[in-house]
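S.K.: My file is query_5.cif. It has mmCIF, C-alpha atoms:
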```
data_protein
loop_
_atom_site.label_atom_id
_atom_site.label_comp_id
_atom_site.auth_asym_id
_atom_site.auth_seq_id
_atom_site.Cartn_x
_atom_site.Cartn_y
_atom_site.Cartn_z
CA MET A 26 41.40 -23.33 111.02
CA ALA A 27 42.07 -19.94 112.52
CA VAL A 28 43.65 -17.35 110.26
CA PRO A 29 47.18 -16.63 111.48
CA ALA A 30 48.04 -13.02 112.31
CA ALA A 31 50.67 -11.26 110.19
CA GLY A 32 54.18 -12.36 111.12
CA CYS A 33 53.12 -15.66 112.75
CA THR A 34 54.93 -18.85 111.90
CA VAL A 35 53.10 -21.14 109.48
CA LEU A 36 50.57 -23.40 111.23
CA LYS A 37 50.09 -27.06 110.41
CA GLU A 38 46.85 -28.13 108.75
CA ASP A 39 45.79 -30.29 111.67
CA SER A 40 46.74 -27.93 114.55
CA THR A 41 44.20 -27.60 117.28
CA GLU A 42 42.71 -24.25 118.17
CA LYS A 43 44.53 -24.34 121.49
CA GLU A 44 47.94 -24.73 119.85
CA ASN A 45 47.13 -21.97 117.42
CA SER A 46 46.21 -19.64 120.22
CA LYS A 47 49.38 -20.57 122.11
CA ILE A 48 51.53 -19.62 119.13
CA MET A 49 49.63 -16.42 118.51
CA THR A 50 50.07 -15.24 122.09
CA ALA A 51 53.66 -16.40 122.54
CA PHE A 52 56.84 -14.41 122.26
CA VAL A 53 58.60 -16.28 119.46
CA VAL A 54 62.28 -15.50 119.78
CA ASP A 55 63.22 -16.34 116.19
CA GLU A 56 60.51 -14.15 114.78
CA VAL A 57 61.51 -11.21 116.93
CA SER A 58 65.21 -11.60 116.19
CA ASN A 59 64.45 -11.45 112.47
CA ILE A 60 62.54 -8.24 113.02
CA VAL A 61 65.47 -6.76 114.94
CA LYS A 62 68.00 -7.77 112.27
CA GLU A 63 65.92 -6.26 109.51
CA ALA A 64 65.52 -3.04 111.48
CA ILE A 65 69.28 -2.71 111.96
CA GLU A 66 70.03 -3.49 108.34
CA SER A 67 67.51 -1.06 106.97
CA ALA A 68 68.42 1.77 109.34
CA ILE A 69 72.21 1.43 109.38
CA GLY A 70 73.08 -1.18 106.75
CA GLY A 71 76.78 -1.25 105.95
CA ASN A 72 77.39 2.42 106.66
CA ALA A 73 80.55 3.60 108.34
CA TYR A 74 80.18 5.65 111.49
CA GLN A 75 79.12 9.26 111.03
CA HIS A 76 78.69 11.25 114.19
CA SER A 77 75.98 13.47 112.82
CA LYS A 78 73.82 10.49 111.98
CA VAL A 79 74.17 8.30 115.04
CA ASN A 80 71.23 9.92 116.85
CA GLN A 81 69.00 9.31 113.91
CA TRP A 82 70.23 5.75 113.41
CA THR A 83 69.68 4.65 116.97
CA THR A 84 66.20 6.11 117.14
CA ASN A 85 65.29 4.66 113.75
CA VAL A 86 66.44 1.18 114.72
CA VAL A 87 64.44 1.14 117.92
CA GLU A 88 61.33 2.76 116.51
CA GLN A 89 61.27 0.45 113.54
CA THR A 90 61.73 -2.60 115.77
CA LEU A 91 58.89 -1.53 118.00
CA SER A 92 56.52 -0.71 115.17
CA GLN A 93 57.15 -4.08 113.50
CA LEU A 94 56.61 -5.86 116.81
CA THR A 95 53.38 -3.96 117.31
CA LYS A 96 52.19 -5.08 113.89
CA LEU A 97 52.37 -8.68 115.07
CA GLY A 98 49.25 -7.92 117.02
CA LYS A 99 50.17 -9.96 120.08
CA PRO A 100 49.07 -8.95 123.61
CA PHE A 101 52.49 -7.75 124.75
CA LYS A 102 54.08 -4.59 126.06
CA TYR A 103 57.45 -4.07 124.40
CA ILE A 104 60.69 -2.45 125.45
CA GLY A 105 63.43 -1.91 122.91
CA SER A 106 66.92 -0.64 123.55
CA CYS A 107 69.87 0.08 121.32
CA THR A 108 73.47 0.61 122.43
CA VAL A 109 75.93 1.94 119.87
CA ARG A 110 79.67 2.09 120.44
CA TRP A 111 81.93 3.72 117.91
CA GLU A 112 85.63 4.05 117.27
CA ASN A 113 86.97 5.77 114.12
CA LYS A 114 84.75 4.41 111.38
CA THR A 115 83.64 1.17 112.96
CA MET A 116 80.44 0.76 114.94
CA TYR A 117 79.00 -1.87 117.19
CA CYS A 118 75.24 -1.84 117.51
CA ILE A 119 73.53 -3.96 120.18
CA VAL A 120 69.75 -4.09 120.12
CA SER A 121 67.56 -5.87 122.63
CA ALA A 122 63.80 -6.31 122.65
CA PHE A 123 61.74 -7.41 125.63
CA GLY A 124 58.12 -8.52 125.46
CA LEU A 125 55.93 -8.69 128.56
CA SER A 126 52.55 -10.29 128.27
CA ILE A 127 49.56 -8.41 129.55
CA MET B 6 55.48 5.70 123.10
CA VAL B 7 57.91 7.35 125.47
CA TYR B 8 61.66 7.41 125.10
CA ARG B 9 64.84 8.11 126.92
CA ASP B 10 68.27 8.71 125.44
CA GLY B 11 71.62 8.61 127.19
CA HIS B 12 74.67 9.87 125.43
CA ILE B 13 78.24 9.50 126.62
CA ASP B 14 80.94 10.60 124.24
CA GLU B 15 84.65 10.77 124.89
CA THR B 16 85.55 11.68 121.33
CA ARG B 17 84.40 15.18 122.13
CA PRO B 18 86.22 17.34 124.72
CA GLU B 19 83.29 17.29 127.12
CA GLY B 20 81.66 14.07 128.18
CA SER B 21 82.76 10.81 129.52
CA GLY B 22 83.11 7.22 128.58
CA PRO B 23 82.61 4.52 125.93
CA ALA B 24 80.73 1.30 126.11
CA SER B 25 80.79 -2.36 125.68
CA ARG B 26 77.73 -4.33 126.55
CA CYS B 27 77.99 -7.98 127.40
CA GLY B 28 74.35 -8.64 126.56
CA SER B 29 73.30 -9.67 123.12
CA VAL B 30 70.52 -9.28 120.62
CA LEU B 31 68.36 -12.09 121.95
CA GLY B 32 66.71 -12.75 125.25
CA PRO B 33 66.40 -10.99 128.60
CA THR B 34 69.42 -10.14 130.71
CA SER B 35 67.52 -10.76 133.91
CA SER B 36 64.61 -12.84 135.01
CA PHE B 37 61.39 -11.11 135.92
CA LEU B 38 58.10 -11.82 137.63
CA ARG B 39 55.48 -13.07 135.19
CA CYS B 40 51.74 -12.86 135.43
CA ASN B 41 49.37 -15.41 133.92
CA SER B 42 49.06 -14.70 130.24
CA LEU B 43 45.74 -14.38 128.48
CA ALA B 44 46.20 -17.82 126.97
CA GLY B 45 45.39 -19.45 130.30
CA PRO B 46 47.28 -21.35 132.98
CA GLY B 47 48.21 -24.35 130.87
CA ALA B 48 49.85 -22.32 128.17
CA GLY B 49 52.08 -20.35 130.51
CA LEU B 50 55.50 -21.97 130.45
CA GLU B 51 55.25 -23.94 127.23
CA GLY B 52 53.97 -21.02 125.22
CA ARG B 53 56.78 -18.74 126.18
CA ARG B 54 59.70 -19.91 124.05
CA PRO B 55 58.38 -22.37 121.48
CA SER B 56 61.52 -22.06 119.39
CA LEU B 57 63.49 -23.91 122.10
CA GLY B 58 61.15 -26.87 122.49
CA PRO B 59 60.23 -28.39 125.89
CA LEU B 60 61.79 -26.70 128.93
CA PRO B 61 64.31 -28.53 131.14
CA PRO B 62 63.30 -29.20 134.77
CA LEU B 63 63.11 -26.13 136.96
CA GLY B 64 66.08 -26.89 139.17
CA SER B 65 68.54 -27.16 136.31
CA ARG B 66 67.57 -24.06 134.37
CA VAL B 67 69.96 -21.17 134.01
CA SER B 68 69.09 -17.84 132.57
CA PHE B 69 70.57 -16.58 129.34
CA SER B 70 73.22 -14.71 131.32
CA GLY B 71 74.41 -17.88 133.07
CA LEU B 72 72.99 -17.07 136.50
CA PRO B 73 70.62 -19.68 137.96
CA LEU B 74 66.94 -18.88 137.52
CA ALA B 75 64.74 -18.61 140.57
CA ALA B 76 61.59 -20.75 140.51
CA ALA B 77 58.97 -18.96 138.41
CA ARG B 78 56.45 -17.31 140.68
CA TRP B 79 52.95 -16.82 139.42
CA ALA B 80 50.74 -14.00 140.57
CA GLU B 81 47.01 -14.35 140.17
CA PRO B 82 45.55 -11.58 138.04
CA SER B 83 44.22 -8.84 140.28
CA TYR B 84 41.86 -7.45 137.62
CA ARG B 85 42.77 -3.99 138.80
CA THR B 86 43.66 -1.92 135.78
CA GLU B 87 45.12 0.86 137.95
CA PRO B 88 47.78 0.46 140.60
CA ALA B 89 46.49 1.34 144.07
CA PRO B 90 47.10 4.97 145.12
CA GLY B 91 50.50 5.20 146.74
CA GLU B 92 51.74 2.18 144.80
CA ARG B 93 52.69 3.87 141.57
CA TRP B 94 56.06 3.79 139.90
CA GLU B 95 58.29 6.48 141.35
CA ALA B 96 61.10 7.31 138.98
CA ALA B 97 63.04 9.51 141.40
CA ARG B 98 63.22 6.84 144.07
CA ALA B 99 64.22 4.19 141.56
CA GLN B 100 66.93 6.44 140.15
CA TRP B 101 68.32 7.10 143.61
CA ALA B 102 68.45 3.37 144.27
CA LEU B 103 70.20 2.72 140.96
CA GLU B 104 72.85 5.32 141.72
CA ALA B 105 73.43 3.81 145.14
CA VAL B 106 73.84 0.31 143.71
CA LEU B 107 76.26 1.48 141.04
CA GLN B 108 78.35 3.46 143.50
CA ALA B 109 78.53 0.55 145.89
CA GLY B 110 79.24 -2.03 143.22
CA LEU B 111 81.86 -0.13 141.29
CA ARG B 112 83.67 1.89 143.92
CA ASP B 113 87.38 1.63 143.05
CA ALA B 114 86.69 -0.97 140.40
CA CYS B 115 89.09 -1.18 137.48
CA TYR B 116 87.99 -2.35 134.07
CA SER B 117 89.43 -5.65 132.89
CA GLY B 118 88.19 -7.44 129.80
CA ALA B 119 87.97 -10.84 131.43
CA GLU B 120 86.10 -9.67 134.51
CA ALA B 121 83.77 -7.21 132.86
CA GLY B 122 81.23 -9.80 131.81
CA ARG B 123 80.91 -11.26 135.28
CA LEU B 124 80.84 -7.80 136.85
CA ALA B 125 78.07 -6.60 134.58
CA ARG B 126 75.95 -9.68 135.34
CA GLU B 127 76.45 -9.31 139.08
CA LEU B 128 75.59 -5.63 138.95
CA CYS B 129 72.45 -6.41 137.01
CA GLU B 130 71.43 -8.98 139.59
CA LEU B 131 72.09 -6.49 142.41
CA VAL B 132 70.03 -3.87 140.60
CA ARG B 133 67.18 -6.31 140.15
CA VAL B 134 67.15 -7.42 143.80
CA ARG B 135 67.37 -3.87 145.12
CA LEU B 136 64.68 -2.55 142.81
CA ARG B 137 62.46 -5.51 143.62
CA GLU B 138 62.54 -4.50 147.27
CA LEU B 139 61.80 -0.88 146.51
CA SER B 140 59.32 -1.00 143.69
CA PRO B 141 55.57 -1.20 144.31
CA PRO B 142 53.85 -4.60 144.15
CA ARG B 143 52.51 -5.80 140.82
CA TYR B 144 55.27 -4.10 138.86
CA GLU B 145 57.40 -6.11 136.44
CA LEU B 146 61.00 -4.96 136.16
CA VAL B 147 63.32 -5.08 133.16
CA CYS B 148 66.86 -4.23 134.25
CA SER B 149 69.88 -3.69 132.06
CA VAL B 150 73.45 -2.66 132.76
CA VAL B 151 75.93 -1.39 130.14
CA LEU B 152 79.52 -1.53 131.34
CA GLY B 153 82.59 -0.56 129.37
CA PRO B 154 86.10 0.82 129.48
CA ARG B 155 86.99 4.44 128.96
CA ALA B 156 89.20 4.20 125.92
CA GLY B 157 88.57 7.32 123.89
CA GLN B 158 85.39 6.01 122.28
CA GLY B 159 81.84 7.17 122.22
CA VAL B 160 78.66 5.38 123.18
CA ARG B 161 74.96 6.03 122.91
CA VAL B 162 72.26 4.08 124.79
CA VAL B 163 68.69 4.51 123.59
CA SER B 164 65.51 2.86 124.74
CA ARG B 165 61.91 2.99 123.58
CA ALA B 166 58.90 1.29 125.02
CA LEU B 167 55.36 0.46 124.05
CA TRP B 168 53.64 0.69 127.39
CA ASP B 169 50.95 2.41 129.37
CA ALA B 170 52.26 5.94 129.81
CA ALA B 171 50.12 6.63 132.87
CA ARG B 172 51.21 3.61 134.90
CA ASP B 173 54.62 2.52 133.68
CA GLY B 174 57.97 4.24 133.89
CA LEU B 175 61.68 3.89 133.76
CA ALA B 176 64.72 5.12 135.64
CA SER B 177 68.36 5.18 134.67
CA ALA B 178 71.65 6.17 136.23
CA ALA B 179 75.20 6.38 134.97
CA ILE B 180 78.51 6.58 136.76
CA THR B 181 82.07 6.86 135.56
CA ASN B 182 85.46 6.54 137.10
CA THR B 183 88.91 6.80 135.58
CA SER B 184 88.90 3.37 133.96
CA LEU B 185 85.28 2.46 133.27
CA PHE B 186 81.75 3.68 133.02
CA ALA B 187 78.40 2.01 133.69
CA VAL B 188 74.82 2.82 132.72
CA ALA B 189 71.98 1.05 134.54
CA THR B 190 68.40 1.23 133.29
CA VAL B 191 65.29 -0.22 134.81
CA HIS B 192 61.81 -0.22 133.26
CA GLY B 193 58.84 -0.77 135.56
CA LEU B 194 55.62 -2.02 133.99
CA TYR B 195 52.36 -2.46 135.86
CA CYS B 196 50.90 -5.94 135.65
CA GLU B 197 47.24 -6.23 136.58
#
```
Just dump the structure as structure tokens.
M.R.:
Amino acid sequence: MAVPAAGCTVLKEDSTEKENSKIMTAFVVDEVSNIVKEAIESAIGGNAYQHSKVNQWTTNVVEQTLSQLTKLGKPFKYIGSCTVRWENKTMYCIVSAFGLSI
Amino acid sequence: MVYRDGHIDETRPEGSGPASRCGSVLGPTSSFLRCNSLAGPGAGLEGRRPSLGPLPPLGSRVSFSGLPLAAARWAEPSYRTEPAPGERWEAARAQWALEAVLQAGLRDACYSGAEAGRLARELCELVRVRLRELSPPRYELVCSVVLGPRAGQGVRVVSRALWDAARDGLASAAITNTSLFAVATVHGLYCE
């Protein structure tokens, strides 16, 4: 049985090599959305909006997302984007990640 | 990695315009041309979104944004690691096209909460079609449009990419009017 790459979903004992390779080269939406959520929580967490920090937060979120995606080791190019909207102390943060196979 | 930041802030005296994006955390906001993946022809469609299970028939599929998906077109790999000379990504031309699309699409438009979602999706589709005509062959496009009202808020749009810095690029354009603002971004990635 092939050894799964870091971040892959758990493979069944009797999976064929072809299924394994399909999973390892596929863009698994659930896996990526977990990575994005963790990046947002670790970079911004429950903080209220602070204007001086928003630059740093947005870049941290996107860079952390991309570096975690890269660690998956899949043959993809990635694009990450983060849109932050703020009003008084509340913030909306929208992050999207695209993966294009090469 | 290369990056591009756009900052619009109406909470400061200078600047212009807040944001509300109708996209979401998951999934693409537009369909794009796909090349055969390394996993081989059989693994193409099924391997793409395993978390959703088997795909519905082609004719009934809609994209995440609600617009109908065109039939997936497959390009054979060209095995050319470099785009041909004269067929590289040109950021200036793409930016000019984006500005033209935004001006045309939003001239005299007024922001309304109910219509904004539909307007953003249509703009994104227009951007994709226009850029598809203009961009060199063998380039994949990722288009996004952020549209929002001007209501005394601030917005920041950031993007990062893991790509081939010599062959890939991006272009973005922003416009504002009295009631709304829009930021359109397109990333072009060479697909061999």
S.K.: Go through the shown structure with the PyMOL selection byres ((chain A and resi 117) around 10) and write out the matching residues as a ChimeraX atom specification.
M.R.: /A:74,108-112,115-116,118-120 /B:24-26,160
S.K.: Do you have the atom CA of Ser106 of chain A-atom CA of Trp101 of chain B distance handy?
M.R.: 21.5 Å
S.K.: Give me, please, the distance in Å between atom CA of Ile60 of chain A and atom CA of Glu88 of chain A, quoted to one decimal.
M.R.: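 Distance between the two atoms: 11.6 Å.
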S.K.: Using 6 Å of padding on each side, determine the axis-aligned box around all atoms of segment 166-177 of chain B present in the file and give its centre and edge lengths in Å to one decimal, as AutoDock Vina command-line options.
M.R.:
```
--center_x 59.2 --center_y 3.5 --center_z 129.8 --size_x 30.2 --size_y 18.2 --size_z 23.6
```
S.K.: Quick one: which residues end up in the PyMOL selection byres ((chain A) within 10 of (chain B)) for this structure, as a PyMOL selection string?
M.R.: chain A and resi 43-44+46-58+61-62+76+79-80+83-84+86-88+90-92+94-95+100-113+116-127
S.K.: In Å, how far is it from atom CA of Asn59 of chain A to atom CA of Lys96 of chain A?
M.R.: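 Straight-line distance from atom CA of Asn59 of chain A to atom CA of Lys96 of chain A works out to 13.9 Å.
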S.K.: Identify which of the residues B:Glu138, B:Glu81, B:Glu87, B:Glu127 lies closest to Leu111 of chain B, counting only C-alpha atoms when measuring atom-to-atom distances.
M.R.: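 For Leu111 of chain B, the nearest of the candidates is B:Glu127.
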S.K.: Between B:Cys148, B:Ala189, B:Ala97, B:Cys115, which is the closest to Val134 of chain B once you count only C-alpha atoms?
M.R.: B:Cys148
S.K.: Starting from the shown file, work through the PyMOL selection byres ((chain B and resi 95) around 9) and note down what comes out as a list of chain:residue names.
M.R.: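 For this structure, the PyMOL selection byres ((chain B and resi 95) around 9) resolves to B:Glu92, B:Arg93, B:Trp94, B:Ala96, B:Ala97, B:Arg98, B:Ala99, B:Gln100, B:Ser140, B:Pro141, B:Gly174, B:Leu175, B:Ala176.
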S.K.: So, with all atoms listed in the file as the atoms that count, which of B:Pro90, B:Val132, B:Tyr84, B:Thr183 lies closest to Asp113 of chain B?
M.R.: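 Ranked by minimum distance to Asp113 of chain B, first place goes to B:Thr183.
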